[in-house]
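Shown below: upload.cif, with mmCIF, C-alpha atoms and all ligand atoms.
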```
data_run
#
loop_
_atom_site.label_atom_id
_atom_site.label_comp_id
_atom_site.auth_asym_id
_atom_site.auth_seq_id
_atom_site.Cartn_x
_atom_site.Cartn_y
_atom_site.Cartn_z
CA MET A 15 39.21 121.19 115.16
CA PRO A 16 39.77 122.91 111.79
CA ASP A 17 41.79 120.98 109.22
CA THR A 18 45.25 122.53 109.42
CA SER A 19 46.91 120.23 106.89
CA TRP A 20 48.30 121.66 103.63
CA SER A 21 49.12 120.19 100.24
CA LEU A 22 50.88 121.78 97.31
CA LEU A 23 51.19 120.92 93.65
CA TYR A 24 54.61 119.85 92.37
CA LEU A 25 55.27 120.32 88.64
CA SER A 26 58.36 118.72 87.08
CA GLN A 27 59.67 119.91 83.70
CA GLU A 28 57.65 117.18 82.00
CA ASP A 29 54.53 118.29 83.91
CA CYS A 30 55.12 121.90 82.84
CA VAL A 31 55.26 120.84 79.19
CA ALA A 32 52.09 118.72 79.62
CA ALA A 33 50.43 121.84 81.08
CA GLY A 34 51.27 123.94 78.01
CA GLY A 35 54.52 125.39 79.31
CA ALA A 36 56.18 125.28 75.87
CA ASP A 37 53.30 127.01 74.04
CA MET A 38 54.84 130.34 72.98
CA SER A 39 51.58 131.96 71.82
CA GLU A 40 50.17 131.56 75.33
CA THR A 41 53.42 132.65 76.99
CA LEU A 42 53.30 135.84 74.92
CA LYS A 43 49.88 136.57 76.44
CA ALA A 44 51.15 135.90 79.97
CA VAL A 45 54.18 138.13 79.45
CA GLU A 46 52.22 140.93 77.83
CA ARG A 47 49.90 140.73 80.86
CA SER A 48 52.83 141.31 83.21
CA PHE A 49 54.19 144.13 81.04
CA PHE A 50 50.74 145.76 81.06
CA LEU A 51 50.40 145.44 84.85
CA HIS A 52 53.93 146.80 85.20
CA GLY A 53 52.94 149.76 83.02
CA VAL A 54 49.92 150.56 85.18
CA GLY A 55 51.85 149.96 88.42
CA ASP A 56 49.88 146.95 89.72
CA TYR A 57 52.90 144.94 90.85
CA ILE A 58 55.58 144.73 93.56
CA GLN A 59 59.10 143.69 92.59
CA PRO A 60 62.06 144.34 94.89
CA GLY A 61 65.63 144.38 93.52
CA LYS A 62 67.02 140.90 92.93
CA PRO A 63 69.59 139.66 95.44
CA VAL A 64 72.48 138.08 93.51
CA ILE A 65 75.23 135.88 94.91
CA ARG A 66 78.38 136.05 92.78
CA TRP A 67 82.02 135.34 93.42
CA GLY A 68 83.58 138.56 92.13
CA ASP A 69 82.51 141.48 89.94
CA ALA A 70 79.63 141.42 87.47
CA SER A 71 81.70 139.78 84.70
CA THR A 72 82.19 136.65 86.85
CA GLU A 73 78.53 135.81 86.27
CA GLU A 74 79.67 134.56 82.84
CA THR A 75 82.50 132.45 84.34
CA THR A 76 81.91 131.17 87.88
CA GLY A 77 78.17 131.85 87.74
CA ARG A 78 75.52 133.49 89.89
CA ILE A 79 72.53 132.67 92.09
CA MET A 80 69.53 135.02 91.90
CA SER A 81 66.25 135.25 93.80
CA MET A 82 63.31 137.08 92.25
CA PRO A 83 60.29 137.64 94.50
CA SER A 84 57.27 139.47 93.13
CA TYR A 85 53.56 140.22 93.40
CA LEU A 86 51.26 140.75 90.43
CA GLY A 87 47.69 142.08 90.66
CA GLY A 88 45.16 142.58 87.90
CA ASN A 89 41.76 142.63 89.62
CA ASN A 90 41.34 146.37 88.94
CA PHE A 91 42.27 145.94 85.26
CA LYS A 92 40.16 142.92 84.24
CA GLU A 93 38.40 144.84 81.49
CA GLN A 94 41.61 146.20 79.92
CA LEU A 95 43.30 142.79 80.09
CA HIS A 96 40.30 141.26 78.38
CA LEU A 97 40.14 143.97 75.69
CA LYS A 98 43.83 143.45 74.90
CA GLY A 99 43.23 139.68 74.50
CA LEU A 100 45.48 138.91 77.47
CA LEU A 101 45.03 136.48 80.36
CA GLY A 102 43.04 137.42 83.49
CA PRO A 103 44.31 138.76 86.83
CA VAL A 104 47.03 136.98 88.83
CA GLN A 105 46.51 138.59 92.23
CA THR A 106 49.14 136.62 94.06
CA SER A 107 52.86 136.44 94.87
CA GLY A 108 55.74 134.09 94.27
CA ILE A 109 59.46 133.75 93.84
CA LYS A 110 61.89 132.34 91.30
CA PHE A 111 65.20 131.01 92.55
CA ILE A 112 67.63 130.73 89.62
CA PRO A 113 71.22 129.53 89.87
CA SER A 114 73.48 129.69 86.79
CA ARG A 115 76.68 127.64 86.60
CA PRO A 116 78.36 127.93 83.16
CA GLU A 117 80.67 124.93 83.71
CA ASN A 118 77.64 122.61 83.99
CA LEU A 119 77.48 122.51 80.19
CA LYS A 120 80.70 120.45 80.08
CA LYS A 121 78.93 117.82 82.21
CA GLY A 122 75.88 117.74 79.95
CA LEU A 123 73.86 119.60 82.59
CA PRO A 124 71.96 122.86 82.03
CA ARG A 125 73.76 126.14 82.72
CA ALA A 126 70.69 127.59 84.41
CA THR A 127 68.13 125.73 86.50
CA ALA A 128 65.26 127.28 88.44
CA ILE A 129 62.51 126.61 90.94
CA ILE A 130 59.38 128.78 91.16
CA ILE A 131 57.12 128.88 94.20
CA ILE A 132 53.60 130.32 93.92
CA LEU A 133 51.83 131.39 97.11
CA ASP A 134 48.19 131.17 98.07
CA PRO A 135 46.90 134.77 97.84
CA VAL A 136 45.07 134.63 101.19
CA THR A 137 47.32 132.62 103.53
CA PHE A 138 50.65 133.28 101.73
CA ILE A 139 51.40 129.53 102.06
CA PRO A 140 52.95 127.84 98.97
CA ILE A 141 50.38 126.21 96.66
CA CYS A 142 52.77 125.22 93.90
CA VAL A 143 56.46 124.35 93.53
CA MET A 144 57.52 123.95 89.94
CA ASP A 145 60.42 123.79 87.56
CA GLY A 146 61.28 127.35 86.61
CA ALA A 147 63.78 126.72 83.82
CA ILE A 148 61.11 126.34 81.14
CA ALA A 149 59.13 129.37 82.35
CA SER A 150 62.35 131.35 82.54
CA ALA A 151 63.43 130.61 78.97
CA MET A 152 59.90 131.00 77.60
CA ARG A 153 59.26 134.32 79.31
CA THR A 154 62.62 135.75 78.24
CA GLY A 155 61.79 134.91 74.64
CA ALA A 156 58.32 136.31 75.06
CA ALA A 157 59.62 139.58 76.59
CA SER A 158 61.56 140.18 73.36
CA GLY A 159 58.53 139.03 71.38
CA VAL A 160 56.24 141.55 73.08
CA ALA A 161 58.87 144.27 72.66
CA ALA A 162 59.19 143.37 68.95
CA LYS A 163 55.40 143.53 68.57
CA TYR A 164 55.40 147.13 69.84
CA LEU A 165 58.79 148.37 68.64
CA ALA A 166 59.83 146.56 65.43
CA ASN A 167 58.63 147.64 62.00
CA PRO A 168 55.72 145.27 61.31
CA ASP A 169 56.86 144.64 57.73
CA SER A 170 60.28 143.37 58.92
CA THR A 171 61.38 140.32 56.93
CA VAL A 172 65.00 139.62 57.94
CA PHE A 173 65.94 138.46 61.43
CA GLY A 174 69.55 138.18 62.66
CA LEU A 175 70.06 136.05 65.77
CA VAL A 176 73.32 135.60 67.68
CA GLY A 177 73.41 132.72 70.17
CA ALA A 178 71.95 129.35 69.18
CA SER A 179 71.29 127.83 72.60
CA VAL A 180 68.15 127.68 74.79
CA GLN A 181 67.51 131.42 74.91
CA GLY A 182 68.28 131.81 71.21
CA MET A 183 65.56 129.28 70.42
CA THR A 184 62.91 130.98 72.54
CA GLN A 185 63.94 134.39 71.18
CA ALA A 186 63.40 133.02 67.68
CA ALA A 187 60.02 131.44 68.47
CA ALA A 188 58.63 134.48 70.27
CA ILE A 189 59.89 137.11 67.82
CA LYS A 190 58.60 135.16 64.82
CA ALA A 191 55.20 134.74 66.54
CA ALA A 192 55.10 138.49 67.25
CA VAL A 193 56.39 139.67 63.84
CA PRO A 194 54.84 137.10 61.47
CA ASN A 195 56.16 138.72 58.25
CA LEU A 196 59.71 137.59 59.10
CA GLU A 197 60.87 135.29 56.30
CA THR A 198 64.57 134.65 56.88
CA LEU A 199 66.52 134.02 60.07
CA LYS A 200 70.31 134.30 59.96
CA ILE A 201 71.82 132.43 62.89
CA PHE A 202 75.36 132.86 64.20
CA ASP A 203 76.94 131.12 67.17
CA ILE A 204 80.62 131.07 68.02
CA ASN A 205 80.20 127.30 68.09
CA GLN A 206 79.33 126.40 64.50
CA GLN A 207 77.87 123.04 65.49
CA SER A 208 75.32 124.91 67.60
CA SER A 209 74.29 127.07 64.62
CA LEU A 210 73.84 123.97 62.47
CA ALA A 211 71.87 122.15 65.17
CA PHE A 212 69.71 125.27 65.62
CA ALA A 213 68.95 125.39 61.89
CA GLU A 214 68.04 121.72 61.83
CA ARG A 215 65.77 121.92 64.86
CA MET A 216 64.14 125.28 64.25
CA SER A 217 63.59 125.54 60.45
CA GLN A 218 60.28 123.71 60.45
CA LYS A 219 59.08 124.97 63.82
CA LEU A 220 59.54 128.59 62.79
CA ASP A 221 58.22 128.36 59.25
CA MET A 222 61.16 130.54 58.16
CA GLU A 223 64.25 129.99 56.09
CA VAL A 224 66.98 129.48 58.72
CA VAL A 225 70.47 130.22 57.40
CA PRO A 226 73.59 129.59 59.50
CA VAL A 227 76.12 132.36 58.76
CA ASP A 228 79.91 132.18 59.13
CA ASN A 229 80.53 135.44 60.93
CA VAL A 230 78.59 137.65 63.27
CA ARG A 231 78.67 140.66 60.92
CA ASP A 232 76.56 138.74 58.41
CA ALA A 233 73.90 138.17 61.06
CA PHE A 234 73.57 141.94 61.54
CA ILE A 235 73.93 143.34 58.01
CA ASP A 236 70.52 144.02 56.37
CA SER A 237 68.61 142.59 59.34
CA ASP A 238 65.39 144.39 60.33
CA VAL A 239 65.22 142.61 63.68
CA ILE A 240 68.18 141.43 65.75
CA SER A 241 68.44 139.46 68.94
CA THR A 242 71.62 138.76 70.88
CA ALA A 243 71.44 135.89 73.41
CA THR A 244 74.96 134.65 74.08
CA MET A 245 77.46 134.04 76.84
CA ALA A 246 79.94 136.43 75.16
CA ARG A 247 82.40 137.96 77.59
CA GLU A 248 83.63 140.70 75.27
CA ALA A 249 81.69 143.15 73.11
CA TYR A 250 81.74 142.35 69.39
CA VAL A 251 78.94 144.49 67.90
CA ASP A 252 79.98 147.24 65.47
CA PRO A 253 77.35 150.03 65.43
CA ASP A 254 77.96 150.58 61.68
CA TRP A 255 76.27 147.20 61.06
CA TYR A 256 72.77 148.46 61.97
CA LYS A 257 70.41 149.36 59.15
CA LYS A 258 67.84 152.18 59.51
CA GLY A 259 64.66 151.14 61.27
CA VAL A 260 66.33 148.20 63.05
CA PHE A 261 64.98 146.72 66.27
CA HIS A 262 67.64 145.03 68.44
CA ALA A 263 66.74 143.01 71.55
CA GLU A 264 69.84 142.34 73.66
CA ILE A 265 69.02 139.89 76.44
CA SER A 266 72.60 138.97 77.25
CA PHE A 267 75.01 141.42 78.76
CA TRP A 268 78.33 141.96 77.01
CA ASP A 269 77.60 141.72 73.28
CA THR A 270 77.11 145.39 72.42
CA PRO A 271 79.70 147.93 73.58
CA PRO A 272 78.23 150.74 75.74
CA SER A 273 79.51 153.38 73.25
CA ALA A 274 77.35 151.82 70.49
CA LEU A 275 74.16 152.89 72.23
CA THR A 276 74.70 156.42 70.90
CA VAL A 277 73.43 155.30 67.47
CA PHE A 278 69.95 154.45 68.73
CA ASP A 279 66.98 156.84 68.45
CA ARG A 280 65.05 155.02 71.16
CA ILE A 281 66.21 152.76 74.01
CA PHE A 282 63.75 150.76 76.09
CA VAL A 283 64.29 148.55 79.12
CA ASP A 284 61.86 146.40 81.11
CA ASP A 285 62.45 148.03 84.51
CA TRP A 286 65.03 150.79 84.94
CA TYR A 287 65.25 150.35 88.71
CA GLN A 288 66.07 146.64 88.26
CA VAL A 289 68.56 147.40 85.48
CA LYS A 290 70.40 149.89 87.70
CA HIS A 291 70.18 147.61 90.73
CA HIS A 292 71.81 144.69 88.87
CA GLY A 293 74.37 147.00 87.24
CA VAL A 294 75.31 144.66 84.38
CA ASP A 295 73.08 145.57 81.43
CA VAL A 296 74.74 147.58 78.67
CA SER A 297 72.03 150.27 78.90
CA TRP A 298 73.09 150.93 82.48
CA ARG A 299 76.81 150.77 81.68
CA ALA A 300 76.29 153.21 78.77
CA VAL A 301 74.75 155.72 81.21
CA ASN A 302 77.26 154.99 83.96
CA GLU A 303 80.23 155.47 81.60
CA GLY A 304 78.76 158.70 80.20
CA HIS A 305 78.08 157.58 76.60
CA ILE A 306 74.39 158.48 76.95
CA THR A 307 72.37 160.29 79.59
CA GLU A 308 69.66 158.70 81.72
CA GLU A 309 67.14 160.87 79.80
CA GLN A 310 68.06 158.98 76.63
CA ILE A 311 66.48 155.86 78.09
CA SER A 312 63.12 156.32 76.35
CA GLY A 313 61.15 154.29 78.87
CA GLU A 314 60.01 150.91 80.07
CA ILE A 315 58.21 148.69 77.59
CA GLY A 316 55.29 148.21 80.01
CA GLU A 317 54.52 151.91 79.57
CA VAL A 318 54.23 151.33 75.83
CA VAL A 319 52.05 148.23 76.33
CA ALA A 320 49.80 150.20 78.71
CA GLY A 321 49.49 153.04 76.17
CA LYS A 322 51.33 155.59 78.32
CA LYS A 323 54.27 156.05 75.97
CA ILE A 324 54.88 155.86 72.26
CA GLY A 325 57.28 153.11 71.22
CA ARG A 326 58.37 153.65 67.63
CA GLU A 327 58.08 157.25 66.41
CA SER A 328 59.18 156.71 62.82
CA GLU A 329 59.88 153.87 60.42
CA SER A 330 63.56 154.82 60.39
CA ASP A 331 64.05 154.80 64.19
CA LYS A 332 66.80 152.49 65.37
CA ILE A 333 65.46 150.95 68.58
CA PHE A 334 67.33 149.02 71.27
CA PHE A 335 65.55 146.86 73.85
CA ASN A 336 67.58 145.76 76.85
CA PRO A 337 65.68 143.78 79.50
CA ILE A 338 67.26 142.62 82.73
CA GLY A 339 64.46 140.07 83.24
CA MET A 340 61.58 140.54 85.64
CA GLY A 341 60.23 138.27 88.37
CA ILE A 342 56.69 139.36 87.47
CA HIS A 343 57.11 137.63 84.08
CA ASP A 344 58.08 134.40 85.82
CA LEU A 345 55.11 134.71 88.15
CA SER A 346 52.68 135.51 85.33
CA GLU A 347 53.93 132.61 83.22
CA ALA A 348 54.15 130.16 86.15
CA TYR A 349 50.62 131.08 87.22
CA ARG A 350 49.36 130.38 83.68
CA VAL A 351 51.01 126.93 83.71
CA TYR A 352 49.76 126.23 87.26
CA GLN A 353 46.17 127.03 86.26
CA ASN A 354 46.46 124.75 83.21
CA ALA A 355 47.94 121.98 85.37
CA LEU A 356 44.99 122.19 87.77
CA ALA A 357 42.52 122.14 84.89
CA LYS A 358 44.25 119.13 83.26
CA SER A 359 45.03 117.30 86.56
CA VAL A 360 48.75 117.38 85.73
CA GLY A 361 51.43 117.14 88.45
CA THR A 362 51.78 115.56 91.88
CA MET A 363 50.06 116.77 95.03
CA LEU A 364 52.55 116.70 97.91
CA THR A 365 51.79 116.90 101.59
CA TYR A 366 53.41 120.05 102.91
CA PHE A 367 52.31 119.46 106.51
CA LYS A 368 49.67 117.28 108.13
CA ARG A 369 49.15 119.31 111.26
CA ASN A 370 50.12 122.91 111.91
CA SER A 371 53.06 122.95 114.38
CA GLY A 372 52.84 119.17 114.78
CA TRP A 373 56.62 119.06 114.56
CA LEU A 374 56.86 120.77 117.97
CA ASP A 375 55.79 117.45 119.58
CA SER A 376 59.15 116.13 118.36
CA LEU A 377 61.20 119.07 119.65
CA SER A 378 64.23 117.77 121.51
CA ILE A 379 67.46 119.01 123.00
N1 LIG A 401 67.81 139.38 80.26
C1 LIG A 401 67.14 138.31 80.61
O1 LIG A 401 65.99 138.36 81.02
C2 LIG A 401 67.78 136.96 80.51
C3 LIG A 401 67.09 135.83 80.94
C4 LIG A 401 67.67 134.57 80.78
C5 LIG A 401 68.95 134.48 80.23
N2 LIG A 401 69.60 135.62 79.85
C6 LIG A 401 70.94 135.55 79.28
O2 LIG A 401 70.83 134.96 77.97
C7 LIG A 401 72.12 134.45 77.60
C8 LIG A 401 71.98 133.14 76.87
O3 LIG A 401 71.42 132.17 77.73
P1 LIG A 401 71.46 130.60 77.32
O4 LIG A 401 70.74 129.88 78.41
O5 LIG A 401 71.00 130.39 75.94
O6 LIG A 401 73.01 130.35 77.46
P2 LIG A 401 73.90 129.09 77.05
O7 LIG A 401 75.10 129.10 77.90
O8 LIG A 401 73.06 127.85 76.99
O9 LIG A 401 74.30 129.42 75.53
C9 LIG A 401 75.06 130.54 75.18
C10 LIG A 401 75.40 130.45 73.70
O10 LIG A 401 76.18 131.60 73.35
C11 LIG A 401 77.21 131.17 72.46
N3 LIG A 401 78.26 132.18 72.51
C12 LIG A 401 79.13 132.45 73.51
N4 LIG A 401 79.93 133.50 73.17
C13 LIG A 401 79.54 133.88 71.93
C14 LIG A 401 79.97 134.91 71.05
N5 LIG A 401 80.95 135.74 71.37
N6 LIG A 401 79.34 135.03 69.85
C15 LIG A 401 78.34 134.18 69.51
N7 LIG A 401 77.88 133.20 70.31
C16 LIG A 401 78.47 133.05 71.50
C17 LIG A 401 77.61 129.80 73.00
O11 LIG A 401 78.32 129.05 72.04
C18 LIG A 401 76.23 129.21 73.35
O12 LIG A 401 75.65 128.55 72.24
C19 LIG A 401 72.94 134.41 78.91
O13 LIG A 401 73.82 135.49 78.94
C20 LIG A 401 71.89 134.60 79.99
O14 LIG A 401 72.41 135.19 81.16
C21 LIG A 401 69.05 136.84 79.97
#
```
Encoding of this model in structure tokens:
Amino acid sequence: MPDTSWSLLYLSQEDCVAAGGADMSETLKAVERSFFLHGVGDYIQPGKPVIRWGDASTEETTGRIMSMPSYLGGNNFKEQLHLKGLLGPVQTSGIKFIPSRPENLKKGLPRATAIIIILDPVTFIPICVMDGAIASAMRTGAASGVAAKYLANPDSTVFGLVGASVQGMTQAAAIKAAVPNLETLKIFDINQQSSLAFAERMSQKLDMEVVPVDNVRDAFIDSDVISTATMAREAYVDPDWYKKGVFHAEISFWDTPPSALTVFDRIFVDDWYQVKHHGVDVSWRAVNEGHITEEQISGEIGEVVAGKKIGRESESDKIFFNPIGMGIHDLSEAYRVYQNALAKSVGTMLTYFKRNSGWLDSLSI
């Protein structure tokens, strides 16, 4: 009789950290890997099903529940991945399940939680179930970091950040790691206490001067790099605030008005099909409302990473990056953490089943 039992590795948040889950330099490599494989087409990523209780804007009030299945390859691109200093192939599939409930914050609980499942590449049976909240925040930061690496002016020194919560912190860490000449970070959050707490926590970690500012305009004026990561429900960005050559990563949804996208020379997304499918991102709303044409979307950042498209064409280009968030980033990052956990014997092995179909012996009516 063959052994038909199956075990899987469970990784809590603490296990993920012990396995290097909070190491932004490594996350940047995992996320650049998934952008590269996206650019060369070695991935599968269906549109995300979203449960919400109303139109798109209710995601910021009552919340949403998303599922993000994906497959990521790499075996045919080992050499290129290696030459780019990225991590090796993934060659498997998985899913992130990510509910977001804004009112949780009042109870001291996280707005967004997540579980990621990684499948065995041969049998398609789960080999790992792990916290996905850390991977989710880390990969979102890293997506902006990789975009900044390819699209921001490398001599950028001033960074304006709006939103001082979890995503704001990973935006800051990843963008600083990707654009090391940044010297000053101006942080604005509608909740001033959050800005102050951000400055206290992040100043040393980032090796930058972190300056809380009193109004959002000050975060934008004279900034070379901008990131918006808020739960704003109404647009507040004035397009006159942008300086020439700016790079703006908008990972949240309602900060910049769709009409403002007309001031950008280049607009990049992570995956245009996903952006359209979700129908919330400002890049999609700008096209849908007729402010810009679909042709003005310059491309997907993976095409730039894979060398198929030029990112920045001139030092003075104003560039907007608007990712919807891709399941392949979660898979790439989760797979990195899973491999580390195996190597470091971190986590708990759980019995999934002891005998294939053994439960049928207990079938009753
Ligand atoms: N595109 C992606 O891939 C992706 C991935 C993950 C999260 N997100 C989005 O990132 C955003 C931030 O996530 P989070 O987990 O940090 O959220 P959070 O709820 O923990 O924090 C949001 C922060 O925004 C601040 N804020 C709200 N309105 C504001 C305004 N008008 N001006 C300035 N600050 C304001 C709040 O005070 C809070 O500090 C959310 O919109 C989330 O959906 C995007």
At most 9 Å is the cut-off: for each residue in chain A with any atom that close to an atom of ligand LIG 401 (chain A), write down the nearest atom pair and the distance in Å rounded to one decimal, counting only C-alpha atoms and all ligand atoms, chain first then increasing number, as CSV.
```
residue,atom,partner,partner_atom,distance
A:Glu73,CA,A:LIG401,O14,8.0
A:Glu74,CA,A:LIG401,O13,7.1
A:Ser114,CA,A:LIG401,O14,7.9
A:Arg115,CA,A:LIG401,O7,9.0
A:Pro116,CA,A:LIG401,O7,6.3
A:Leu119,CA,A:LIG401,O7,7.4
A:Pro124,CA,A:LIG401,O8,7.2
A:Arg125,CA,A:LIG401,O7,5.8
A:Ala126,CA,A:LIG401,O4,6.4
A:Ser150,CA,A:LIG401,C4,6.5
A:Ala151,CA,A:LIG401,C4,6.1
A:Arg153,CA,A:LIG401,O1,8.0
A:Thr154,CA,A:LIG401,O1,5.1
A:Gly155,CA,A:LIG401,C3,8.3
A:Ala157,CA,A:LIG401,O1,7.9
A:Val176,CA,A:LIG401,C15,5.5
A:Gly177,CA,A:LIG401,O10,4.4
A:Ala178,CA,A:LIG401,O12,4.9
A:Ser179,CA,A:LIG401,O5,4.2
A:Val180,CA,A:LIG401,O5,4.1
A:Gln181,CA,A:LIG401,O5,3.8
A:Gly182,CA,A:LIG401,O5,5.6
A:Met183,CA,A:LIG401,O5,7.8
A:Thr184,CA,A:LIG401,O5,8.8
A:Phe202,CA,A:LIG401,C15,6.2
A:Asp203,CA,A:LIG401,N7,3.9
A:Ile204,CA,A:LIG401,C15,4.1
A:Asn205,CA,A:LIG401,O11,4.7
A:Gln206,CA,A:LIG401,O11,8.1
A:Gln207,CA,A:LIG401,O11,8.9
A:Ser208,CA,A:LIG401,O12,5.9
A:Ser209,CA,A:LIG401,O12,7.9
A:Asn229,CA,A:LIG401,C15,8.9
A:Val230,CA,A:LIG401,N6,7.1
A:Thr242,CA,A:LIG401,C7,8.0
A:Ala243,CA,A:LIG401,C8,4.5
A:Thr244,CA,A:LIG401,O10,3.4
A:Met245,CA,A:LIG401,C12,4.1
A:Ala246,CA,A:LIG401,N4,3.5
A:Arg247,CA,A:LIG401,N4,6.7
A:Glu248,CA,A:LIG401,N5,6.9
A:Ala249,CA,A:LIG401,N5,7.6
A:Tyr250,CA,A:LIG401,N5,6.9
A:Glu264,CA,A:LIG401,N1,7.5
A:Ile265,CA,A:LIG401,N1,4.0
A:Ser266,CA,A:LIG401,O13,4.1
A:Phe267,CA,A:LIG401,O13,6.1
A:Trp268,CA,A:LIG401,O13,8.1
A:Asp269,CA,A:LIG401,N5,7.1
A:Asp295,CA,A:LIG401,N1,8.2
A:Asn336,CA,A:LIG401,N1,7.2
A:Pro337,CA,A:LIG401,N1,4.9
A:Ile338,CA,A:LIG401,N1,4.1
A:Gly339,CA,A:LIG401,O1,3.2
A:Met340,CA,A:LIG401,O1,6.7
```
Pick from A:Lys92, A:Lys190, A:Lys98, A:His343: nearest to Ile130 in chain A, with all atoms listed in the file counted?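 Closest to Ile130 in chain A, using all atoms listed in the file: A:His343.
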What's around Val296 in chain A at 6 Å? Count all atoms listed in the file, leave out sequence neighbours fewer than 3 positions away in its own chain, and write the answer as a tab-separated table (two decimals) with C-alpha atoms, in the frame of the given file.
```tsv
chain	number	residue	atom	x	y	z
A	272	PRO	CA	78.23	150.74	75.74
A	299	ARG	CA	76.81	150.77	81.68
A	300	ALA	CA	76.29	153.21	78.77
```
Which residue is closest to Trp298 in chain A? Choose from A:Ile131, A:Val283, A:Leu220, A:Val318 and count only C-alpha atoms.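 Of all the options, A:Val283 lies closest to Trp298 in chain A.
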Contacts between range 357-372 of chain A and range 141-244 of chain A, please, where a residue of range 141-244 of chain A counts if it comes within 12 Å (with all atoms listed in the file); show its shortest atom pair and distance in Å to one decimal, rows by chain and ascending number, as a Markdown table.
```
| residue | atom | partner | partner_atom | distance |
| --- | --- | --- | --- | --- |
| A:Ile141 | CA | A:Tyr366 | CA | 9.3 |
| A:Cys142 | CA | A:Met363 | CA | 8.9 |
| A:Val143 | CA | A:Leu364 | CA | 9.6 |
| A:Met144 | CA | A:Gly361 | CA | 9.3 |
| A:Asp145 | CA | A:Gly361 | CA | 11.2 |
```
Would you save the residues from that selection as a short mmCIF file (atom, residue, chain, number, x, y, z; two decimals), in the frame of the given file, using C-alpha atoms?
```cif
data_model
loop_
_atom_site.label_atom_id
_atom_site.label_comp_id
_atom_site.auth_asym_id
_atom_site.auth_seq_id
_atom_site.Cartn_x
_atom_site.Cartn_y
_atom_site.Cartn_z
CA ILE A 141 50.38 126.21 96.66
CA CYS A 142 52.77 125.22 93.90
CA VAL A 143 56.46 124.35 93.53
CA MET A 144 57.52 123.95 89.94
CA ASP A 145 60.42 123.79 87.56
#
```
